[in-house]
Amino acid sequence: MPRRRSYDQYCAAARALDAVGDRWTLLIVRELLAGPRRYTDLHADLPGVSTDVLASRLKDMERDELTTRRRLPPPSAAYVYELTERGRGLLPVLTALAEWGAPALAERLPTDAVRAHWFAVPLLRAVSGPYEATGGTAGTVEVRLDEGVFHLRLGDDGGTAPDGARPAYGDGPAASPDARLTLDSDTCRALSTGTLTVPDGVRAGRIEVTGETTLAKALRGE
């Protein structure tokens with residue numbers, strides 16, 4: 001497969017942009033941080049992308065060793081895409097981008113699509129302080145918004161990826177969460193910009209945290 005155009009610069013940033021600078025690539029990474037996804041699932045959660053562009057980006061990402069494709073075991077006959085270790089290494093990049101871009105969420109336009117799990121990346125940073133205060137024990141935080149439910153996976157206790165790594169987050173409810181957060185998207189934006197912490201949001205009545213685990217208590221600031 002021919003390579004895409006390169007900046008042809010001996011620069012780490014330029015080399016990185018050679019791989020992930022195309023439109024949609026980092027948003028595909030955002031989706032795959034939730035774990036293996038079928039092509040149809042990716043297309044559904046990337047409103048606005050054409051089928052041709054999505055297929056092209058996935059081929060590029062597989063060639064650049066950011067993703068792999070594998071067939072699910074029987075009875076399913078579907079193929080799924082998932083991030084490699086190098087692809088998962090883009091999480092801090094997306095976290096920084098989300099923090100930088102959060103102020104632009106002050107107004108939601110009528111044409112804006114939204115998925116609940118799109119708030120997962122900035123919230124990972126927001127819960128990192130209370131999580132680290134627990135000593136870094138792996139845990140799961142379920143987040144409930146008006147837009148839907150998703151969950152954050154903190155720490156690494158082995159998961160479904162071939163190398164044993166856990167996805168950073170997942171769409172939908174968690175099986176047995178260590179804590180549940182209920183809040184609205186405006187509060188999520190405040191957490192994303194760093195103008196609000198989770199414990200402060202609890203004290204202000206903007207966030208409800210349920211659960212009696214060490215992690216739940218840390219999120220409440222107890």
# chains A, B, ... in the order shown; residues from 1 in each chain; ligands from 1
$ residues_around --residues "Glu208 (chain A)" --least-positions-apart "3" --cutoff "8 Å" --atoms "only C-alpha atoms" --output "ChimeraX atom specification"
/A:180-183,202,205
$ write_last_selection --atoms "C-alpha atoms" --output "PDB file, in the first residue's frame"
ATOM      1  CA  ARG A 180     -21.307   5.823  40.307  1.00  0.00           C
ATOM      2  CA  LEU A 181     -21.277   9.485  39.282  1.00  0.00           C
ATOM      3  CA  THR A 182     -24.468  11.264  38.253  1.00  0.00           C
ATOM      4  CA  LEU A 183     -24.058  14.724  36.746  1.00  0.00           C
ATOM      5  CA  VAL A 202     -20.250  16.875  45.224  1.00  0.00           C
ATOM      6  CA  GLY A 205     -24.714  19.470  44.814  1.00  0.00           C
TER       7      GLY A 205
END
$ closest_residue --among "A:Val20, A:Leu66, A:Val80, A:Leu124" --to "Val141 (chain A)" --atoms "only C-alpha atoms"
A:Leu124
$ residues_around --residues "Thr134 (chain A)" --least-positions-apart "6" --cutoff "12 Å" --atoms "only C-alpha atoms" --output "PyMOL selection string"
chain A and resi 127-128+154-155+213-219+221-222
$ residues_around --residues "Arg69 (chain A)" --least-positions-apart "3" --cutoff "10 Å" --atoms "only C-alpha atoms" --output "mmCIF file with C-alpha atoms, in the first residue's frame"
data_model
loop_
_atom_site.group_PDB
_atom_site.id
_atom_site.type_symbol
_atom_site.label_atom_id
_atom_site.label_comp_id
_atom_site.auth_asym_id
_atom_site.auth_seq_id
_atom_site.Cartn_x
_atom_site.Cartn_y
_atom_site.Cartn_z
ATOM 1 C CA PRO A 36 -12.493 -3.396 20.185
ATOM 2 C CA ARG A 37 -15.131 -2.015 17.805
ATOM 3 C CA ARG A 38 -16.748 -3.295 14.643
ATOM 4 C CA LEU A 58 -8.468 2.304 9.271
ATOM 5 C CA LYS A 59 -6.161 0.883 6.598
ATOM 6 C CA GLU A 62 -3.267 -0.610 10.590
ATOM 7 C CA LEU A 72 -14.208 -12.611 16.638
ATOM 8 C CA TYR A 79 -14.143 -8.425 12.463
ATOM 9 C CA VAL A 80 -13.169 -5.851 15.066
ATOM 10 C CA TYR A 81 -10.555 -3.134 15.140
ATOM 11 C CA GLU A 82 -8.514 -2.450 18.264
ATOM 12 C CA LEU A 83 -5.600 -0.293 19.276
ATOM 13 C CA THR A 84 -2.078 -1.591 19.558
#
